[in-house]
Each structure stands twice: as structure tokens, then as C-alpha cells.
Amino acid sequence: MSAERKVSAKGDGTTPRPYRPGYELVAEQLLGYIAEQGLRPGARLPTEAGLAEILGTSRNVTREAVKVLAALGRLSVRRGAGIFVADSPGGLADDDMAHFQPTSMEHVLMLLDYRSLIEAETARRAAGQAAPIEVRNIQKGAERSLEAGREDDADAFAVADKLFHDAVGIAAHNIFLRSSVTNVRRLAAQSDVLLFHGDTPGSLEVAGHQHMAIADAIAAGDADRAAALMTEHIATTRQQFERRIRDRLFNVAARGAEPAASAASETTTGTDAAGAATEPPPPVTSAS
């Protein structure tokens, strides 16, 4: 990501503030609105114009926020029918995942805690049950992630990262663990997009080396070591998210009286409240 996307056009005179696209702010507001209204999967939302009025922003930036939330699987946009709250990743209409807040410190930390429990046990079982071809697939994903990390190729890393974690889930030989890993990583990807908006949360090469160590432990049949290394891997991700969320909260507080709605507004000519050109949502990838 370029430096222009990482910082805003205005700063405090000494240190520039991290840039937060208008669609990101409005997407966060919209998820908050869904939670506050207690809307469940399948519930119909107001039109783009209605949401813009409710959230106090422009229709253009509201449209971009709806697009990114639809890409993340949080909204369903049906041509000619309207905007709806999408089914939760687990497919349970009554669960609380419909109200997961990807930029909330509390929610993200709970998610990472759950991910640590699930993926550590998945790695433990993979070490004891993986077939030779499954071990090779795990190693292949780890090797590709390390290669992409060394080249600082976030897109290639995201593909390899998914290949690695999915392969570990398959090798655990438990469809419920595998499904849990898939769903929890899908939620984590929402935080990746809204917190890092296209940037990477930390060193991809470090993550690649961690993948290699986990793959080696699984190949050696060392269940305890595989679980411990996976726990360490998720802990590294947790530290990265904690740092980013705290930075974000600090910068929000530093703005003082500057309202979020003003920061999120844009003119019909394609500029935000600071006069900086707005940008389209980033692709939905996960690299943790």
C-alpha cells in the first residue's frame, strides 16, 4: 500500500494521522446501527438514501460502505429487492455472529481467543492423524507463504495462508473443527479489511516462518509442539491487532471534537471532508 493510503491529508502539525477512508468509517457505523437495532440475518435495511440520512453521510460514501460489507458477507444486496443483513458465517440465524463488530477491541480479542483454542487443537490433532498427502499439502502451504512473505507479496501470501490453515483443518479429520477454522478466519478477514484496509498487519515473513515451524511439528507427529506453535502464531496476530486498534482509538480521541460523520462525508465530486480524494474499497483478503 502506498504512503498516501496509509495517512490522511491532514495531521497534527508534527505526526500525520493514519488515513481512514470514508467508506471504512461508514461501514463501521452501519454495523453498529445493525447491532443497535437488533436486526437479524434476513432483515431488510433502508435504501442507500435512507441509510445515508440515518448515518449522517453522503449517498456516495454509503454506497461504497454497502459494497465493502457485501464483499465481506455482512450484507446481501438483491437487485430490485433491497439491502439485507446477510446470514452469519456459521449459517445460524439466531447466533450473535450477525452482530460481530470487526473494529471493536472486545470483539476482535474474543475472536482471536476463540481462534487460538480452535486452531491449536486442530494443529494438535493434525499432528497425530495427518495422512502423508495431507502433510505435504500443509508443507506446501507453509512454503508458499514463506516465499510470498520474503517477497512481501500480500496477495500471494493471503492465498498461501488460506491453503496452509485449510490444509491443517483437513488433516485434523474432524468436519466440525474444520468448519470452525473456516468460519473464524472468515470473521478475522473482516477485521483485516476494516482495520488494515489493504495493508498487512505485520511481517509476512515472520508469519511464513511460523507456518513452516508448525508444518515441521505436524510432519514429525509432535502434537504438543504443533499446538504450542499454533498458539504462538495466533498470539502474534493478536498483538498486531491490539496495536492497530489502540492506534486507531488514540487517533479518534486525538481528533477531539471532530465528528466521525464529518470525517466520513464526501462531496459528489469524489473528495472527503479533508479535501482528499476518496478511494474504492480494497480487495477482501486475509493474511494472518
# chains A, B, ... in the order shown; residues from 1 in each chain; ligands from 1
$ residues_around --residues "A:Arg115" --least-positions-apart "3" --cutoff "10 Å" --atoms "only C-alpha atoms" --output "VMD selection string"
chain A and resid 109 to 112 118 to 121 180 to 181 183 to 185 188 230 to 231 234 to 235
$ residues_around --residues "A:Ala167" --least-positions-apart "5" --cutoff "10 Å" --atoms "only C-alpha atoms" --output "mmCIF file with all heavy atoms, in the first residue's frame"
data_model
loop_
_atom_site.group_PDB
_atom_site.id
_atom_site.type_symbol
_atom_site.label_atom_id
_atom_site.label_comp_id
_atom_site.auth_asym_id
_atom_site.auth_seq_id
_atom_site.Cartn_x
_atom_site.Cartn_y
_atom_site.Cartn_z
ATOM 1 N N ALA A 126 -4.022 -32.704 13.898
ATOM 2 C CA ALA A 126 -3.382 -32.923 12.603
ATOM 3 C C ALA A 126 -2.045 -33.643 12.780
ATOM 4 O O ALA A 126 -1.693 -34.519 11.980
ATOM 5 C CB ALA A 126 -3.173 -31.589 11.889
ATOM 6 N N ALA A 130 -2.669 -36.793 10.514
ATOM 7 C CA ALA A 130 -2.489 -36.400 9.112
ATOM 8 C C ALA A 130 -1.923 -37.531 8.264
ATOM 9 O O ALA A 130 -0.950 -38.185 8.648
ATOM 10 C CB ALA A 130 -1.569 -35.181 9.022
ATOM 11 N N GLU A 134 -1.695 -35.259 3.180
ATOM 12 C CA GLU A 134 -2.158 -34.088 3.925
ATOM 13 C C GLU A 134 -0.977 -33.325 4.515
ATOM 14 O O GLU A 134 -0.982 -32.080 4.543
ATOM 15 C CB GLU A 134 -3.133 -34.529 5.020
ATOM 16 C CG GLU A 134 -4.444 -35.065 4.456
ATOM 17 C CD GLU A 134 -5.303 -35.756 5.487
ATOM 18 O OE1 GLU A 134 -4.771 -36.157 6.561
ATOM 19 O OE2 GLU A 134 -6.511 -35.915 5.236
ATOM 20 N N VAL A 135 0.036 -34.048 4.970
ATOM 21 C CA VAL A 135 1.253 -33.405 5.466
ATOM 22 C C VAL A 135 1.910 -32.608 4.347
ATOM 23 O O VAL A 135 2.357 -31.467 4.550
ATOM 24 C CB VAL A 135 2.243 -34.442 6.037
ATOM 25 C CG1 VAL A 135 3.595 -33.792 6.343
ATOM 26 C CG2 VAL A 135 1.676 -35.082 7.302
ATOM 27 N N ARG A 136 1.952 -33.187 3.159
ATOM 28 C CA ARG A 136 2.564 -32.489 2.017
ATOM 29 C C ARG A 136 1.806 -31.211 1.677
ATOM 30 O O ARG A 136 2.408 -30.188 1.344
ATOM 31 C CB ARG A 136 2.630 -33.423 0.797
ATOM 32 C CG ARG A 136 3.687 -34.515 0.918
ATOM 33 C CD ARG A 136 3.990 -35.149 -0.428
ATOM 34 N NE ARG A 136 2.853 -35.888 -0.968
ATOM 35 C CZ ARG A 136 2.592 -37.160 -0.691
ATOM 36 N NH1 ARG A 136 3.373 -37.835 0.135
ATOM 37 N NH2 ARG A 136 1.543 -37.763 -1.229
ATOM 38 N N ASN A 137 0.480 -31.264 1.765
ATOM 39 C CA ASN A 137 -0.317 -30.074 1.479
ATOM 40 C C ASN A 137 -0.069 -28.977 2.508
ATOM 41 O O ASN A 137 -0.022 -27.786 2.175
ATOM 42 C CB ASN A 137 -1.798 -30.421 1.432
ATOM 43 C CG ASN A 137 -2.179 -31.194 0.186
ATOM 44 O OD1 ASN A 137 -1.489 -31.104 -0.833
ATOM 45 N ND2 ASN A 137 -3.259 -31.957 0.262
ATOM 46 N N ILE A 138 0.087 -29.379 3.773
ATOM 47 C CA ILE A 138 0.398 -28.411 4.831
ATOM 48 C C ILE A 138 1.764 -27.777 4.567
ATOM 49 O O ILE A 138 1.929 -26.546 4.660
ATOM 50 C CB ILE A 138 0.367 -29.103 6.210
ATOM 51 C CG1 ILE A 138 -1.060 -29.518 6.574
ATOM 52 C CG2 ILE A 138 0.932 -28.164 7.294
ATOM 53 C CD1 ILE A 138 -1.142 -30.426 7.785
ATOM 54 N N GLN A 139 2.731 -28.602 4.235
ATOM 55 C CA GLN A 139 4.075 -28.095 3.958
ATOM 56 C C GLN A 139 4.092 -27.189 2.731
ATOM 57 O O GLN A 139 4.790 -26.173 2.708
ATOM 58 C CB GLN A 139 5.048 -29.274 3.779
ATOM 59 C CG GLN A 139 5.292 -30.060 5.062
ATOM 60 C CD GLN A 139 6.094 -31.323 4.831
ATOM 61 O OE1 GLN A 139 5.947 -31.989 3.793
ATOM 62 N NE2 GLN A 139 6.944 -31.684 5.786
ATOM 63 N N LYS A 140 3.308 -27.565 1.722
ATOM 64 C CA LYS A 140 3.239 -26.756 0.505
ATOM 65 C C LYS A 140 2.693 -25.364 0.831
ATOM 66 O O LYS A 140 3.222 -24.344 0.367
ATOM 67 C CB LYS A 140 2.343 -27.435 -0.527
ATOM 68 C CG LYS A 140 2.250 -26.681 -1.853
ATOM 69 C CD LYS A 140 1.230 -27.314 -2.789
ATOM 70 C CE LYS A 140 1.571 -28.752 -3.108
ATOM 71 N NZ LYS A 140 0.598 -29.347 -4.075
ATOM 72 N N GLY A 141 1.627 -25.308 1.639
ATOM 73 C CA GLY A 141 1.062 -24.016 2.017
ATOM 74 C C GLY A 141 2.053 -23.190 2.812
ATOM 75 O O GLY A 141 2.179 -21.972 2.610
ATOM 76 N N ALA A 142 2.774 -23.834 3.741
ATOM 77 C CA ALA A 142 3.760 -23.130 4.560
ATOM 78 C C ALA A 142 4.898 -22.590 3.699
ATOM 79 O O ALA A 142 5.329 -21.438 3.854
ATOM 80 C CB ALA A 142 4.308 -24.072 5.636
ATOM 81 N N ASP A 161 -1.638 -18.521 2.788
ATOM 82 C CA ASP A 161 -2.093 -18.561 4.180
ATOM 83 C C ASP A 161 -3.376 -19.387 4.293
ATOM 84 O O ASP A 161 -3.520 -20.232 5.176
ATOM 85 C CB ASP A 161 -2.312 -17.129 4.667
ATOM 86 C CG ASP A 161 -2.679 -17.044 6.134
ATOM 87 O OD1 ASP A 161 -1.887 -17.495 6.975
ATOM 88 O OD2 ASP A 161 -3.770 -16.509 6.451
ATOM 89 N N LYS A 162 -4.295 -19.147 3.381
ATOM 90 C CA LYS A 162 -5.552 -19.906 3.380
ATOM 91 C C LYS A 162 -5.282 -21.382 3.088
ATOM 92 O O LYS A 162 -5.861 -22.268 3.734
ATOM 93 C CB LYS A 162 -6.513 -19.327 2.342
ATOM 94 C CG LYS A 162 -7.881 -20.022 2.321
ATOM 95 C CD LYS A 162 -8.805 -19.382 1.299
ATOM 96 C CE LYS A 162 -10.206 -19.985 1.392
ATOM 97 N NZ LYS A 162 -10.226 -21.448 1.233
ATOM 98 N N ALA A 172 -6.965 -32.574 10.462
ATOM 99 C CA ALA A 172 -7.466 -32.882 11.809
ATOM 100 C C ALA A 172 -8.548 -33.965 11.769
ATOM 101 O O ALA A 172 -8.900 -34.539 12.803
ATOM 102 C CB ALA A 172 -8.014 -31.626 12.471
ATOM 103 N N ARG A 178 -12.852 -28.322 11.332
ATOM 104 C CA ARG A 178 -12.519 -27.712 10.038
ATOM 105 C C ARG A 178 -13.472 -26.564 9.725
ATOM 106 O O ARG A 178 -13.054 -25.480 9.290
ATOM 107 C CB ARG A 178 -12.596 -28.772 8.939
ATOM 108 C CG ARG A 178 -12.327 -28.231 7.542
ATOM 109 C CD ARG A 178 -12.498 -29.332 6.507
ATOM 110 N NE ARG A 178 -12.351 -28.808 5.154
ATOM 111 C CZ ARG A 178 -12.537 -29.530 4.064
ATOM 112 N NH1 ARG A 178 -12.858 -30.817 4.173
ATOM 113 N NH2 ARG A 178 -12.403 -28.989 2.873
#
$ closest_residue --among "A:Gly50, A:Pro102, A:Gly32, A:Gly56" --to "A:Gly82" --atoms "only C-alpha atoms"
A:Gly50
$ atom_distance --atom1 "atom CA of A:Ala49" --atom2 "atom CA of A:Glu24"
17.7 Å
$ atom_distance --atom1 "atom CA of A:Ser191" --atom2 "atom CA of A:Arg44"
23.7 Å
$ residues_around --residues "stretch 147-153 of chain A" --least-positions-apart "2" --cutoff "8 Å" --atoms "only C-alpha atoms" --output "list of chain:residue names"
A:Glu143, A:Arg144, A:Ser145, A:Asp155, A:Ala156, A:Phe157, A:Ala160, A:Ser203, A:Leu204, A:Glu205, A:Val206, A:Ala207, A:Gly208
$ residues_around --residues "A:Leu55" --least-positions-apart "5" --cutoff "9 Å" --atoms "only C-alpha atoms" --output "short mmCIF file (atom, residue, chain, number, x, y, z; two decimals) with C-alpha atoms, in the first residue's frame"
data_model
loop_
_atom_site.label_atom_id
_atom_site.label_comp_id
_atom_site.auth_asym_id
_atom_site.auth_seq_id
_atom_site.Cartn_x
_atom_site.Cartn_y
_atom_site.Cartn_z
CA VAL A 26 -19.45 4.46 7.45
CA GLN A 29 -21.27 2.96 11.70
CA LEU A 30 -23.57 0.75 9.66
CA TYR A 33 -26.61 0.53 13.55
CA GLY A 50 -32.25 6.21 3.84
CA THR A 62 -22.77 4.98 1.87
CA ALA A 261 -19.69 11.77 10.35
#
$ atom_distance --atom1 "atom CA of A:Ala227" --atom2 "atom CA of A:Ala154"
25.6 Å
$ residues_around --residues "A:Arg78" --least-positions-apart "5" --cutoff "12 Å" --atoms "only C-alpha atoms" --output "list in words"
Gly42, Arg44, Leu45, Thr47, Val66, Lys67, Ala70, Ile83, Phe84, Val85 and Ala86 of chain A
$ write_last_selection --atoms "N, CA, C and O atoms" --output "PDB file, in the first residue's frame"
ATOM      1  N   GLY A  42     -31.337 -11.661   7.373  1.00  0.00           N
ATOM      2  CA  GLY A  42     -32.551 -11.640   6.561  1.00  0.00           C
ATOM      3  C   GLY A  42     -33.338 -10.358   6.704  1.00  0.00           C
ATOM      4  O   GLY A  42     -34.228 -10.075   5.887  1.00  0.00           O
ATOM      5  N   ARG A  44     -34.435  -6.576   6.389  1.00  0.00           N
ATOM      6  CA  ARG A  44     -34.246  -5.607   5.311  1.00  0.00           C
ATOM      7  C   ARG A  44     -33.831  -4.262   5.899  1.00  0.00           C
ATOM      8  O   ARG A  44     -34.402  -3.795   6.886  1.00  0.00           O
ATOM      9  N   LEU A  45     -32.847  -3.650   5.270  1.00  0.00           N
ATOM     10  CA  LEU A  45     -32.354  -2.342   5.685  1.00  0.00           C
ATOM     11  C   LEU A  45     -33.002  -1.247   4.846  1.00  0.00           C
ATOM     12  O   LEU A  45     -33.543  -1.520   3.760  1.00  0.00           O
ATOM     13  N   THR A  47     -33.063   1.983   2.253  1.00  0.00           N
ATOM     14  CA  THR A  47     -32.346   2.187   0.996  1.00  0.00           C
ATOM     15  C   THR A  47     -31.025   2.907   1.260  1.00  0.00           C
ATOM     16  O   THR A  47     -30.779   3.398   2.369  1.00  0.00           O
ATOM     17  N   VAL A  66     -21.641  -0.026   1.710  1.00  0.00           N
ATOM     18  CA  VAL A  66     -22.508  -1.182   1.456  1.00  0.00           C
ATOM     19  C   VAL A  66     -21.772  -2.201   0.592  1.00  0.00           C
ATOM     20  O   VAL A  66     -21.838  -3.413   0.834  1.00  0.00           O
ATOM     21  N   LYS A  67     -21.025  -1.723  -0.412  1.00  0.00           N
ATOM     22  CA  LYS A  67     -20.276  -2.632  -1.284  1.00  0.00           C
ATOM     23  C   LYS A  67     -19.248  -3.449  -0.503  1.00  0.00           C
ATOM     24  O   LYS A  67     -19.114  -4.656  -0.697  1.00  0.00           O
ATOM     25  N   ALA A  70     -20.926  -5.966   1.712  1.00  0.00           N
ATOM     26  CA  ALA A  70     -21.453  -7.071   0.912  1.00  0.00           C
ATOM     27  C   ALA A  70     -20.325  -8.020   0.521  1.00  0.00           C
ATOM     28  O   ALA A  70     -20.478  -9.246   0.553  1.00  0.00           O
ATOM     29  N   ILE A  83     -31.507  -4.010   0.347  1.00  0.00           N
ATOM     30  CA  ILE A  83     -30.308  -4.365   1.113  1.00  0.00           C
ATOM     31  C   ILE A  83     -30.745  -5.140   2.350  1.00  0.00           C
ATOM     32  O   ILE A  83     -31.639  -4.702   3.077  1.00  0.00           O
ATOM     33  N   PHE A  84     -30.099  -6.283   2.606  1.00  0.00           N
ATOM     34  CA  PHE A  84     -30.496  -7.138   3.717  1.00  0.00           C
ATOM     35  C   PHE A  84     -29.287  -7.512   4.564  1.00  0.00           C
ATOM     36  O   PHE A  84     -28.154  -7.550   4.076  1.00  0.00           O
ATOM     37  N   VAL A  85     -29.535  -7.811   5.842  1.00  0.00           N
ATOM     38  CA  VAL A  85     -28.498  -8.367   6.695  1.00  0.00           C
ATOM     39  C   VAL A  85     -28.261  -9.799   6.232  1.00  0.00           C
ATOM     40  O   VAL A  85     -29.204 -10.583   6.123  1.00  0.00           O
ATOM     41  N   ALA A  86     -27.011 -10.126   5.921  1.00  0.00           N
ATOM     42  CA  ALA A  86     -26.700 -11.455   5.398  1.00  0.00           C
ATOM     43  C   ALA A  86     -26.689 -12.496   6.508  1.00  0.00           C
ATOM     44  O   ALA A  86     -26.585 -12.163   7.697  1.00  0.00           O
TER      45      ALA A  86
END
$ closest_residue --among "A:Asp247, A:Gln239, A:Ile34, A:Arg63" --to "A:Gln101" --atoms "only C-alpha atoms"
A:Ile34
$ select_by_dssp --residues "stretch 40-198 of chain A" --states "strand (DSSP E)" --output "list in words"
Arg44, Leu45, Leu75, Ser76, Val77, Arg78, Gly82, Ile83, Phe84 and Val85 of chain A
$ closest_residue --among "A:Ala219, A:Leu39, A:Ile245, A:Leu117" --to "A:Leu75" --atoms "only C-alpha atoms"
A:Leu39
$ residues_around --residues "A:Ala226" --least-positions-apart "5" --cutoff "7 Å" --atoms "only C-alpha atoms" --output "VMD selection string"
chain A and resid 123 to 124 127 214 217 to 218
$ write_last_selection --atoms "N, CA and C atoms" --output "PDB file, in the first residue's frame"
ATOM      1  N   ALA A 123      -4.333 -28.154  15.111  1.00  0.00           N
ATOM      2  CA  ALA A 123      -2.933 -28.498  14.826  1.00  0.00           C
ATOM      3  C   ALA A 123      -2.506 -29.735  15.613  1.00  0.00           C
ATOM      4  N   ARG A 124      -2.966 -29.832  16.864  1.00  0.00           N
ATOM      5  CA  ARG A 124      -2.635 -30.988  17.699  1.00  0.00           C
ATOM      6  C   ARG A 124      -3.147 -32.281  17.048  1.00  0.00           C
ATOM      7  N   ALA A 127      -1.316 -33.293  13.842  1.00  0.00           N
ATOM      8  CA  ALA A 127      -0.013 -33.929  14.087  1.00  0.00           C
ATOM      9  C   ALA A 127      -0.172 -35.421  14.358  1.00  0.00           C
ATOM     10  N   ILE A 214       5.241 -24.882  12.324  1.00  0.00           N
ATOM     11  CA  ILE A 214       4.047 -25.680  12.613  1.00  0.00           C
ATOM     12  C   ILE A 214       3.993 -26.892  11.689  1.00  0.00           C
ATOM     13  N   ALA A 217       6.412 -29.537  12.841  1.00  0.00           N
ATOM     14  CA  ALA A 217       5.939 -30.245  14.030  1.00  0.00           C
ATOM     15  C   ALA A 217       4.863 -31.268  13.660  1.00  0.00           C
ATOM     16  N   ILE A 218       3.961 -30.879  12.755  1.00  0.00           N
ATOM     17  CA  ILE A 218       2.913 -31.807  12.317  1.00  0.00           C
ATOM     18  C   ILE A 218       3.528 -32.984  11.564  1.00  0.00           C
TER      19      ILE A 218
END
$ closest_residue --among "A:His99, A:Pro46, A:Ala223, A:Leu31" --to "A:Gly128" --atoms "only C-alpha atoms"
A:Ala223
